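Asks: Input file: data-v4.txt. Contents: compact mmCIF, C-alpha atoms and all ligand atoms.
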```
# COMPACT_ATOMS: atom_id res chain seq x y z
CA MET A 1 57.94 10.39 11.80
CA SER A 2 58.95 13.99 11.26
CA ALA A 3 62.56 14.56 10.28
CA ALA A 4 64.72 16.57 12.64
CA PRO A 5 64.34 20.24 11.65
CA ASP A 6 67.95 20.55 10.50
CA ASN A 7 68.18 22.10 7.04
CA ARG A 8 71.96 22.18 6.94
CA GLY A 9 73.81 20.02 4.44
CA LEU A 10 74.95 16.49 5.28
CA ALA A 11 78.65 17.41 5.51
CA THR A 12 77.83 20.24 7.93
CA ARG A 13 75.70 17.92 10.07
CA CYS A 14 78.46 15.27 10.09
CA ILE A 15 80.74 17.85 11.70
CA HIS A 16 78.41 19.85 13.92
CA ALA A 17 75.19 17.97 14.74
CA GLY A 18 75.04 16.71 18.30
CA THR A 19 78.36 18.12 19.52
CA TYR A 20 78.47 18.56 23.32
CA LEU A 21 79.23 22.22 23.88
CA ASP A 22 82.10 22.48 26.33
CA ALA A 23 81.06 25.42 28.50
CA ALA A 24 84.10 25.08 30.75
CA THR A 25 86.68 25.84 28.05
CA GLY A 26 84.84 26.57 24.79
CA GLY A 27 86.73 23.63 23.25
CA ALA A 28 85.78 22.71 19.66
CA CYS A 29 85.26 19.00 20.43
CA SER A 30 82.93 17.12 22.76
CA PRO A 31 84.78 16.29 26.00
CA ILE A 32 85.02 12.62 27.02
CA PHE A 33 82.87 11.91 30.08
CA THR A 34 84.29 8.82 31.75
CA SER A 35 82.06 8.74 34.86
CA THR A 36 79.90 5.72 35.50
CA ALA A 37 78.34 7.44 38.55
CA TYR A 38 76.35 10.65 38.04
CA GLY A 39 74.71 12.83 40.67
CA PHE A 40 71.27 11.71 41.82
CA PRO A 41 68.80 13.08 42.71
CA ASN A 42 69.24 15.84 40.13
CA PRO A 43 66.90 18.46 38.58
CA THR A 44 66.06 16.33 35.51
CA ASN A 45 65.46 13.19 37.61
CA GLU A 46 67.26 11.18 34.94
CA ASN A 47 69.55 8.45 36.21
CA ILE A 48 72.60 8.66 33.95
CA TYR A 49 74.60 5.43 33.53
CA PRO A 50 76.45 3.93 30.52
CA ARG A 51 74.20 0.85 30.37
CA TYR A 52 71.14 3.13 30.30
CA PHE A 53 72.45 4.45 26.97
CA ASN A 54 72.20 8.06 28.16
CA THR A 55 75.72 9.34 28.93
CA PRO A 56 76.84 12.58 27.26
CA ASN A 57 79.13 10.86 24.73
CA GLN A 58 76.45 8.28 23.79
CA ARG A 59 73.96 11.13 23.31
CA VAL A 60 76.38 12.97 21.00
CA ILE A 61 76.37 9.99 18.60
CA ALA A 62 72.60 9.56 18.96
CA ARG A 63 71.89 13.19 18.08
CA LYS A 64 74.34 13.23 15.16
CA MET A 65 72.96 9.98 13.69
CA ALA A 66 69.32 11.03 14.17
CA SER A 67 70.15 14.22 12.27
CA LEU A 68 72.00 12.41 9.46
CA GLU A 69 69.23 9.81 8.95
CA GLY A 70 66.33 12.22 9.48
CA GLY A 71 64.95 10.34 12.50
CA GLU A 72 63.76 11.70 15.83
CA ASP A 73 66.24 9.87 18.02
CA ALA A 74 68.87 7.12 18.05
CA LEU A 75 70.79 4.70 20.28
CA VAL A 76 74.45 3.75 19.95
CA PHE A 77 75.48 0.13 20.69
CA GLY A 78 78.70 -1.80 21.25
CA SER A 79 78.45 -3.50 17.82
CA GLY A 80 76.21 -3.69 14.77
CA MET A 81 74.97 -7.09 15.94
CA ALA A 82 74.07 -5.64 19.38
CA ALA A 83 71.97 -3.02 17.57
CA ILE A 84 70.32 -5.65 15.35
CA SER A 85 69.64 -8.25 18.06
CA THR A 86 68.33 -5.68 20.55
CA LEU A 87 65.96 -4.18 17.99
CA LEU A 88 64.65 -7.61 16.89
CA PHE A 89 64.13 -8.83 20.46
CA SER A 90 62.49 -5.57 21.53
CA ARG A 91 59.91 -5.84 18.72
CA LEU A 92 59.33 -9.60 18.33
CA GLY A 93 58.15 -12.34 20.69
CA PRO A 94 56.94 -15.96 20.55
CA GLY A 95 54.21 -16.39 17.92
CA ASP A 96 55.23 -13.30 15.95
CA HIS A 97 56.35 -13.54 12.34
CA ALA A 98 58.99 -11.44 10.56
CA VAL A 99 59.97 -11.26 6.89
CA PHE A 100 63.67 -10.91 6.01
CA GLN A 101 65.51 -10.18 2.84
CA ALA A 102 67.17 -13.36 1.55
CA ASP A 103 70.76 -12.10 1.22
CA LEU A 104 71.34 -11.04 4.81
CA TYR A 105 74.69 -10.13 6.37
CA GLY A 106 76.15 -13.45 7.67
CA GLY A 107 75.86 -12.56 11.37
CA THR A 108 72.25 -11.44 10.95
CA HIS A 109 71.43 -14.63 9.04
CA LEU A 110 72.76 -16.74 11.95
CA LEU A 111 70.88 -14.62 14.51
CA VAL A 112 67.63 -15.02 12.59
CA THR A 113 67.96 -18.75 11.89
CA ARG A 114 69.28 -19.67 15.36
CA ALA A 115 68.27 -17.24 18.15
CA LEU A 116 64.93 -16.10 16.71
CA ALA A 117 63.91 -19.67 15.90
CA HIS A 118 64.86 -20.80 19.44
CA VAL A 119 62.34 -18.47 21.06
CA GLY A 120 59.52 -19.33 18.67
CA ILE A 121 59.64 -16.31 16.35
CA GLU A 122 58.55 -17.35 12.84
CA THR A 123 60.57 -16.10 9.87
CA SER A 124 60.28 -16.05 6.07
CA PHE A 125 62.54 -14.74 3.33
CA GLY A 126 62.12 -12.86 0.06
CA ARG A 127 64.40 -11.17 -2.45
CA THR A 128 62.30 -8.42 -4.03
CA ALA A 129 59.52 -6.14 -2.74
CA THR A 130 57.02 -8.50 -4.45
CA GLU A 131 58.50 -11.60 -2.82
CA LEU A 132 58.54 -9.86 0.57
CA ALA A 133 54.84 -9.01 0.10
CA GLU A 134 54.06 -12.65 -0.77
CA ALA A 135 55.80 -13.79 2.43
CA MET A 136 53.55 -11.65 4.67
CA ARG A 137 51.23 -13.41 7.16
CA PRO A 138 48.52 -12.06 9.46
CA ASN A 139 51.02 -12.13 12.38
CA THR A 140 53.88 -10.40 10.50
CA ARG A 141 55.15 -7.62 12.76
CA LEU A 142 58.42 -6.67 11.08
CA ILE A 143 60.01 -6.48 7.61
CA TYR A 144 63.81 -6.35 7.45
CA VAL A 145 65.95 -5.53 4.40
CA GLU A 146 69.51 -4.70 3.39
CA SER A 147 70.05 -2.54 0.32
CA PRO A 148 72.56 -2.68 -1.29
CA SER A 149 73.15 -6.25 -0.13
CA ASN A 150 76.29 -8.30 0.40
CA PRO A 151 78.09 -9.39 -1.79
CA LEU A 152 76.09 -8.93 -5.04
CA LEU A 153 74.93 -5.36 -4.24
CA ARG A 154 71.30 -6.17 -4.98
CA CYS A 155 68.90 -3.28 -4.20
CA VAL A 156 65.27 -3.52 -3.12
CA ASP A 157 62.60 -0.90 -3.84
CA LEU A 158 62.52 0.83 -0.44
CA ALA A 159 59.43 2.98 -1.06
CA ALA A 160 57.48 -0.18 -2.04
CA VAL A 161 58.66 -2.02 1.11
CA ALA A 162 57.78 1.00 3.29
CA ASP A 163 54.26 1.08 1.78
CA LEU A 164 53.88 -2.66 2.38
CA GLY A 165 54.79 -2.23 6.04
CA ARG A 166 52.43 0.71 6.49
CA ASP A 167 49.52 -1.12 4.80
CA ARG A 168 50.03 -4.27 6.88
CA GLY A 169 50.97 -2.69 10.22
CA ALA A 170 54.51 -4.10 10.26
CA LEU A 171 57.60 -2.14 11.31
CA THR A 172 59.98 -1.69 8.36
CA VAL A 173 63.67 -1.95 9.26
CA ILE A 174 66.72 -1.54 7.05
CA ASP A 175 70.39 -2.29 7.64
CA ASN A 176 71.77 0.81 5.87
CA THR A 177 75.45 -0.05 6.53
CA PHE A 178 76.50 -0.35 2.87
CA ALA A 179 74.76 2.85 1.70
CA THR A 180 75.49 5.15 4.70
CA PRO A 181 73.21 8.15 5.41
CA ILE A 182 75.23 10.12 2.85
CA ASN A 183 73.95 7.96 -0.03
CA GLN A 184 70.52 6.86 1.21
CA ASN A 185 67.96 7.98 3.83
CA PRO A 186 65.31 5.24 4.17
CA ILE A 187 63.25 7.11 6.81
CA ALA A 188 62.47 9.77 4.19
CA LEU A 189 61.13 6.92 2.00
CA GLY A 190 58.81 5.77 4.81
CA PHE A 191 60.95 3.27 6.76
CA GLY A 192 60.36 2.90 10.50
CA ALA A 193 63.92 2.21 11.66
CA VAL A 194 67.45 2.34 10.27
CA ILE A 195 70.33 0.23 11.59
CA HIS A 196 74.07 0.66 10.98
CA SER A 197 77.12 -1.33 11.80
CA ALA A 198 79.11 1.77 12.77
CA SER A 199 82.23 -0.44 12.61
CA LYS A 200 82.16 0.15 8.85
CA TYR A 201 81.72 3.50 7.06
CA LEU A 202 80.40 5.54 10.00
CA ASN A 203 83.64 5.19 11.93
CA GLY A 204 85.53 4.59 8.71
CA HIS A 205 89.01 3.80 10.05
CA SER A 206 88.73 0.08 10.89
CA ASP A 207 89.40 0.75 14.58
CA VAL A 208 86.02 0.91 16.37
CA CYS A 209 83.28 -1.71 16.71
CA ALA A 210 79.86 -0.08 17.21
CA GLY A 211 76.26 -0.05 16.01
CA VAL A 212 73.39 2.44 15.76
CA VAL A 213 69.59 2.38 15.52
CA VAL A 214 67.76 5.52 14.32
CA SER A 215 63.96 5.77 14.56
CA SER A 216 61.05 7.68 16.12
CA GLY A 217 61.29 8.96 19.69
CA ASN A 218 58.70 6.37 20.82
CA LEU A 219 60.48 3.41 19.27
CA ILE A 220 63.84 4.53 20.67
CA ARG A 221 62.33 4.88 24.18
CA GLU A 222 61.02 1.30 23.98
CA LEU A 223 64.29 0.08 22.50
CA ALA A 224 66.28 1.72 25.31
CA GLU A 225 64.43 -0.46 27.85
CA THR A 226 65.38 -3.68 26.04
CA ALA A 227 68.88 -2.32 25.45
CA THR A 228 69.29 -1.66 29.17
CA ASP A 229 68.27 -5.26 29.88
CA HIS A 230 70.61 -6.69 27.22
CA GLY A 231 73.49 -4.38 28.13
CA GLY A 232 75.20 -3.94 24.75
CA MET A 233 76.39 -0.34 25.22
CA LEU A 234 79.40 1.54 23.84
CA ASP A 235 81.88 3.15 26.24
CA ALA A 236 82.82 6.84 26.25
CA HIS A 237 86.23 6.49 24.62
CA ALA A 238 84.85 4.49 21.69
CA CYS A 239 81.99 7.01 21.37
CA HIS A 240 84.57 9.78 21.12
CA GLN A 241 86.49 7.91 18.40
CA LEU A 242 83.26 7.23 16.51
CA GLU A 243 82.29 10.92 16.77
CA ARG A 244 85.65 11.86 15.30
CA GLY A 245 85.21 9.38 12.44
CA LEU A 246 81.68 10.63 11.72
CA LYS A 247 82.92 14.19 11.19
CA THR A 248 84.51 13.18 7.87
CA LEU A 249 81.78 10.74 6.77
CA ALA A 250 80.43 12.89 3.92
CA LEU A 251 83.92 13.65 2.66
CA ARG A 252 84.96 10.00 2.76
CA VAL A 253 81.78 8.57 1.25
CA ARG A 254 81.90 10.94 -1.72
CA GLN A 255 85.43 9.68 -2.43
CA HIS A 256 84.40 6.04 -1.87
CA ASN A 257 81.58 6.57 -4.41
CA GLU A 258 83.94 8.13 -6.93
CA ASN A 259 86.66 5.50 -6.55
CA ALA A 260 84.25 2.55 -6.66
CA GLY A 261 82.61 3.93 -9.81
CA ARG A 262 86.01 4.30 -11.49
CA LEU A 263 87.18 0.83 -10.42
CA ALA A 264 83.86 -0.74 -11.51
CA HIS A 265 84.18 0.70 -15.02
CA PHE A 266 87.83 -0.33 -15.21
CA LEU A 267 87.09 -3.91 -14.12
CA GLN A 268 84.14 -4.17 -16.49
CA ALA A 269 86.46 -3.45 -19.42
CA HIS A 270 89.16 -5.84 -18.19
CA PRO A 271 89.59 -9.08 -20.20
CA ALA A 272 90.20 -11.19 -17.05
CA VAL A 273 86.86 -10.13 -15.54
CA ALA A 274 83.59 -11.85 -16.49
CA ARG A 275 81.15 -9.63 -14.60
CA VAL A 276 81.07 -6.65 -12.23
CA ASN A 277 78.36 -6.14 -9.60
CA TYR A 278 78.02 -2.42 -8.83
CA PRO A 279 74.64 -0.65 -8.62
CA GLY A 280 76.09 2.38 -10.41
CA LEU A 281 76.67 0.38 -13.62
CA PRO A 282 73.75 0.63 -16.07
CA GLY A 283 73.97 -3.15 -16.59
CA HIS A 284 73.35 -3.97 -12.90
CA PRO A 285 69.91 -5.63 -12.51
CA ASP A 286 68.84 -3.07 -9.87
CA HIS A 287 70.46 0.03 -11.38
CA ALA A 288 67.12 1.79 -11.92
CA ILE A 289 66.00 1.17 -8.32
CA ALA A 290 69.37 2.32 -6.97
CA ALA A 291 69.37 5.46 -9.14
CA ARG A 292 65.90 6.33 -7.82
CA GLN A 293 66.62 5.95 -4.11
CA MET A 294 70.37 6.61 -3.68
CA ARG A 295 72.37 9.83 -3.99
CA GLY A 296 75.57 7.85 -4.65
CA PHE A 297 76.19 4.17 -5.37
CA GLY A 298 78.59 3.46 -2.52
CA GLY A 299 82.07 2.05 -2.10
CA MET A 300 81.30 -1.68 -2.29
CA LEU A 301 81.54 -3.79 -5.45
CA SER A 302 82.19 -7.39 -6.41
CA PHE A 303 83.40 -9.01 -9.60
CA GLU A 304 83.75 -12.47 -11.10
CA LEU A 305 86.98 -13.70 -12.59
CA ARG A 306 86.72 -15.51 -15.91
CA ASP A 307 89.00 -18.17 -14.39
CA PRO A 308 87.47 -18.98 -10.96
CA SER A 309 90.68 -20.70 -9.85
CA GLY A 310 92.51 -17.38 -10.11
CA THR A 311 91.20 -15.72 -6.92
CA GLU A 312 94.02 -16.84 -4.64
CA GLY A 313 96.71 -15.68 -7.08
CA LEU A 314 94.92 -12.35 -7.53
CA LEU A 315 94.74 -11.68 -3.79
CA GLY A 316 98.41 -12.62 -3.43
CA ARG A 317 99.49 -10.20 -6.17
CA LEU A 318 97.58 -7.15 -4.89
CA ARG A 319 99.96 -4.83 -3.04
CA LEU A 320 97.66 -2.01 -2.01
CA ALA A 321 94.27 -3.66 -1.57
CA MET A 322 94.56 -5.94 1.46
CA PRO A 323 92.93 -9.37 1.70
CA ALA A 324 90.74 -8.99 4.77
CA LEU A 325 87.18 -9.26 6.03
CA SER A 326 85.18 -6.25 7.15
CA LEU A 327 84.68 -3.15 5.01
CA GLY A 328 84.03 0.55 4.96
CA GLY A 329 87.42 1.82 6.12
CA VAL A 330 89.66 4.28 4.30
CA GLU A 331 91.87 1.40 3.10
CA SER A 332 90.84 -0.90 0.23
CA LEU A 333 90.05 -4.48 1.31
CA VAL A 334 89.34 -7.58 -0.80
CA CYS A 335 87.88 -10.97 0.06
CA VAL A 336 86.55 -14.07 -1.69
CA PRO A 337 83.05 -14.72 -0.25
CA ALA A 338 83.08 -18.43 -1.20
CA ARG A 339 86.15 -18.86 1.05
CA THR A 340 85.17 -16.44 3.82
CA SER A 341 81.70 -15.09 4.63
CA HIS A 342 79.84 -17.81 2.68
CA ARG A 343 82.17 -20.79 3.22
CA LEU A 344 79.72 -22.64 5.48
CA MET A 345 77.15 -22.89 2.68
CA THR A 346 77.22 -25.93 0.38
CA PRO A 347 78.34 -25.30 -3.23
CA ALA A 348 74.70 -25.79 -4.30
CA GLU A 349 73.46 -23.20 -1.79
CA ARG A 350 76.14 -20.77 -2.95
CA ALA A 351 75.16 -21.33 -6.58
CA ARG A 352 71.51 -20.58 -5.72
CA ALA A 353 72.60 -17.38 -3.97
CA GLY A 354 74.63 -16.38 -7.04
CA ILE A 355 77.99 -16.59 -5.27
CA SER A 356 80.52 -18.29 -7.54
CA ASP A 357 83.99 -19.48 -6.51
CA GLY A 358 85.48 -16.74 -8.71
CA LEU A 359 83.62 -13.90 -6.99
CA VAL A 360 85.83 -11.24 -5.37
CA ARG A 361 84.37 -8.54 -3.11
CA VAL A 362 86.09 -5.17 -2.87
CA SER A 363 85.62 -2.50 -0.21
CA VAL A 364 87.03 0.31 -2.31
CA GLY A 365 89.05 2.70 -0.15
CA VAL A 366 89.89 6.35 -0.63
CA GLU A 367 93.45 5.93 -1.92
CA ASP A 368 94.45 7.75 -5.12
CA ILE A 369 92.44 6.08 -7.85
CA GLY A 370 95.47 5.77 -10.14
CA ASP A 371 97.26 3.66 -7.54
CA LEU A 372 94.22 1.44 -7.08
CA LEU A 373 93.70 0.89 -10.83
CA GLU A 374 97.37 0.08 -11.24
CA ASP A 375 97.24 -2.38 -8.34
CA PHE A 376 94.26 -4.27 -9.80
CA ASP A 377 95.63 -4.15 -13.34
CA ARG A 378 98.95 -5.62 -12.25
CA ALA A 379 97.29 -8.30 -10.12
CA LEU A 380 94.74 -9.27 -12.80
CA ALA A 381 97.23 -9.53 -15.67
CA PRO A 382 100.53 -10.80 -14.31
CA GLY A 383 103.41 -10.18 -16.66
CA ARG A 384 101.64 -7.47 -18.65
CA SER A 385 102.91 -3.92 -18.26
CA PHE A 386 100.48 -1.16 -17.33
CA THR A 387 98.41 0.46 -20.00
CA ALA A 388 99.63 3.88 -21.10
CA PRO A 389 96.62 5.87 -19.88
CA MET A 390 97.06 4.36 -16.45
CA ARG A 391 100.75 5.26 -16.30
CA GLU A 392 99.81 8.81 -17.19
CA LEU A 393 97.06 8.90 -14.62
CA ARG A 394 99.40 7.61 -11.96
CA SER A 395 102.20 10.09 -12.67
CA HIS A 396 99.61 12.85 -12.73
CA GLU A 397 98.36 11.78 -9.31
CA LEU A 398 101.94 11.60 -8.04
CA ARG A 399 102.79 15.05 -9.37
CA ARG A 400 99.83 16.49 -7.51
CA ARG A 401 101.12 15.27 -4.16
C1 LIG B 1 79.49 -5.75 9.70
C2 LIG B 1 78.05 -5.73 9.43
C3 LIG B 1 77.12 -6.01 10.44
C4 LIG B 1 77.53 -6.40 11.85
O1 LIG B 1 78.18 -5.36 12.49
P1 LIG B 1 79.26 -5.57 13.69
O2 LIG B 1 79.62 -4.17 14.02
O3 LIG B 1 80.37 -6.39 13.14
O4 LIG B 1 78.54 -6.28 14.78
C5 LIG B 1 75.77 -5.94 10.13
N1 LIG B 1 75.36 -5.64 8.89
C6 LIG B 1 76.23 -5.39 7.88
C7 LIG B 1 75.70 -5.06 6.53
C8 LIG B 1 77.60 -5.42 8.12
O5 LIG B 1 78.44 -5.17 7.12
```
Let me see the structure of the file written as structure tokens.
Replies:
Amino acid sequence: MSAAPDNRGLATRCIHAGTYLDAATGGACSPIFTSTAYGFPNPTNENIYPRYFNTPNQRVIARKMASLEGGEDALVFGSGMAAISTLLFSRLGPGDHAVFQADLYGGTHLLVTRALAHVGIETSFGRTATELAEAMRPNTRLIYVESPSNPLLRCVDLAAVADLGRDRGALTVIDNTFATPINQNPIALGFGAVIHSASKYLNGHSDVCAGVVVSSGNLIRELAETATDHGGMLDAHACHQLERGLKTLALRVRQHNENAGRLAHFLQAHPAVARVNYPGLPGHPDHAIAARQMRGFGGMLSFELRDPSGTEGLLGRLRLAMPALSLGGVESLVCVPARTSHRLMTPAERARAGISDGLVRVSVGVEDIGDLLEDFDRALAPGRSFTAPMRELRSHELRRR
């Protein structure tokens, strides 16, 4: 797959790639096209209709995302799960086998273990590139990974997985939601398709649910047929909101990276914290892999409290970081996976997956870092006053405003 010939920087492409030029007024933004009926016959002979995934506002997102991920084309969906399910069902049928990374996003895990199994698609799981290779069978048609993964931020060697897929004739797919195209471009490493839940960083403001697949022109043409059958499209107004969010993606992600790195180091040094999972920390088991294939380490981290019974108190004492599911918005969010995303697993299953009761996941927002550090320090050590450097940092941040 040849990357789109766009040599501009990522921040420039976030703003300008794909914009619908408004010839009527010269407006700076893509207009919103609300029609569901478009003239036919017409010179291009293309039947435009929202459920055909080809309206002007859907194409704006497709062109921008293809540019950002270095693919030939893209499709925008009504949710991340619509993107994932449509891609899997367009590529897999009864008797086919697919290999999945073990720590999948919860919704994807349910889709794979329920819907795929129901129609006779065989599945296996592996954690590392080596384990994924061992899980391959003669009928393996697809390899699917998430890197960094949820909630331990494990990273898999993407170049090794891409080689495996190429050698064995299997399509390699990655859910790149946590990394974003600002931090990681898997197609450049040899991947066949990239998926995003655009509900997270791509939109970035916790107010749109959407999904994207980026790939080759051929794969996207095939996918559009299945997508038209399944019907999981995004409407024009949501496309417009997503386009607006995408314009600041590079700016936001750089700040997410910076804030998460600062919070990770702070938590690592905190006496109430037993362990921090952040790929940017040299002690993370996959730090070397992440450093090789990522430009930034992202805005997601998790940490383990020394006292596992303290999670509820911690969440109650945080004033800025909000206890909530989802991630990737400008605001900091915290959750306890053992009580939320992974609550349906048995304690033994959770232990095997490395998810302890004291594990807290943080989607680190783009607030002033001094305010965030103060919030976590206060919540982690009730009764203790803030450390002097932090007070200084905070007043410095306040003075700057
Ligand atoms: C949220 C999420 C999804 C699902 O996306 P929706 O937009 O909620 O359907 C898939 N993968 C990852 C990694 C996610 O975080």
Asks: Write as a list in words the residues around ligand LIG 1 (chain B), taking 8 Å as the cut-off and counting all atoms listed in the file.
Replies: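 I would give the residues around ligand LIG 1 (chain B) as Gly78, Ser79, Gly80, Met81, Ala82, Ala83, Ile84, Leu104, Tyr105, Gly106, Gly107, Thr108, Glu146, Ser149, Asn150, Asp175, Asn176, Thr177, Phe178, His196, Ser197, Ala198, Ser199, Lys200, Cys209, Ala210, Gly211, Ser326 and Leu327 of chain A.
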Asks: Give one line per residue of range 226-271 of chain A that approaches range 20-42 of chain A to at most 7 Å, naming the two atoms of the closest pair and their distance in Å to one decimal, counting all atoms listed in the file; sort by chain then ascending residue number and deliver it as JSON lines.
Replies:
```
{"residue": "A:Ala236", "atom": "CA", "partner": "A:Thr34", "partner_atom": "CA", "distance": 6.0}
{"residue": "A:His237", "atom": "CA", "partner": "A:Ile32", "partner_atom": "CA", "distance": 6.7}
{"residue": "A:His240", "atom": "CA", "partner": "A:Ile32", "partner_atom": "CA", "distance": 6.6}
```
Asks: Between A:Leu68, A:Ile143, A:Leu219, A:Ala129, which residue has the minimum interatomic distance to Phe100 in chain A, considering only C-alpha atoms?
Replies: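 Of A:Leu68, A:Ile143, A:Leu219, A:Ala129, the one nearest Phe100 in chain A is A:Ile143, counting only C-alpha atoms.
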Asks: Skipping near chain neighbours, those fewer than 5 positions away, what residues fall within 12 Å of Gly310 in chain A using only C-alpha atoms, listed as a list of chain:residue names?
Replies: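 Neighbouring residues, sequence-local ones excluded: A:Ala272, A:Val273, A:Glu304, A:Leu305, A:Leu315, A:Gly316, A:Arg317, A:Val336, A:Asp357, A:Gly358, A:Leu359, A:Val360, A:Ala379, A:Leu380, A:Ala381, A:Pro382.
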Asks: Within 12 Å of Gly126 in chain A, counting all atoms listed in the file, which residues show up once you throw out same-chain ones fewer than 3 positions away? Write them as a PDB file with C-alpha atoms, in the coordinates of the input, please.
Replies:
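Contents of selection37.pdb, as written:
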```pdb
ATOM      1  CA  ALA A  98      58.990 -11.440  10.560  1.00  0.00           C
ATOM      2  CA  VAL A  99      59.970 -11.260   6.890  1.00  0.00           C
ATOM      3  CA  PHE A 100      63.670 -10.910   6.010  1.00  0.00           C
ATOM      4  CA  GLN A 101      65.510 -10.180   2.840  1.00  0.00           C
ATOM      5  CA  ALA A 102      67.170 -13.360   1.550  1.00  0.00           C
ATOM      6  CA  ASP A 103      70.760 -12.100   1.220  1.00  0.00           C
ATOM      7  CA  LEU A 104      71.340 -11.040   4.810  1.00  0.00           C
ATOM      8  CA  THR A 123      60.570 -16.100   9.870  1.00  0.00           C
ATOM      9  CA  ALA A 129      59.520  -6.140  -2.740  1.00  0.00           C
ATOM     10  CA  THR A 130      57.020  -8.500  -4.450  1.00  0.00           C
ATOM     11  CA  GLU A 131      58.500 -11.600  -2.820  1.00  0.00           C
ATOM     12  CA  LEU A 132      58.540  -9.860   0.570  1.00  0.00           C
ATOM     13  CA  ALA A 133      54.840  -9.010   0.100  1.00  0.00           C
ATOM     14  CA  GLU A 134      54.060 -12.650  -0.770  1.00  0.00           C
ATOM     15  CA  ALA A 135      55.800 -13.790   2.430  1.00  0.00           C
ATOM     16  CA  MET A 136      53.550 -11.650   4.670  1.00  0.00           C
ATOM     17  CA  ILE A 143      60.010  -6.480   7.610  1.00  0.00           C
ATOM     18  CA  TYR A 144      63.810  -6.350   7.450  1.00  0.00           C
ATOM     19  CA  VAL A 145      65.950  -5.530   4.400  1.00  0.00           C
ATOM     20  CA  GLU A 146      69.510  -4.700   3.390  1.00  0.00           C
ATOM     21  CA  VAL A 156      65.270  -3.520  -3.120  1.00  0.00           C
ATOM     22  CA  VAL A 161      58.660  -2.020   1.110  1.00  0.00           C
TER      23      VAL A 161
END
```
Asks: When you draw a straight line from CA of Ile15 in chain A to CA of Ser215 in chain A, how long is it in Å?
Replies: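 Rounded to one decimal, the two atoms are 20.9 Å apart.
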Asks: Using all atoms listed in the file, which of the listed residues (A:Met300, A:Val60, A:Cys155, A:Ala17) sits closest to Gln241 in chain A?
Replies: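 Smallest separation from Gln241 in chain A among the options: A:Val60.
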Asks: Go through A:Gly313, A:Pro271, A:Gly217, A:Pro148 and flag the residue nearest Ile289 in chain A, using all atoms listed in the file for the distances.
Replies: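 Counting all atoms listed in the file, the residue closest to Ile289 in chain A is A:Pro148.
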Asks: Could you work out how far CA of Leu142 in chain A lies from CA of Gly190 in chain A, giving the answer in Å with one decimal?
Replies: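 If I compute the distance from CA of Gly190 in chain A to CA of Leu142 in chain A, I get 13.9 Å.
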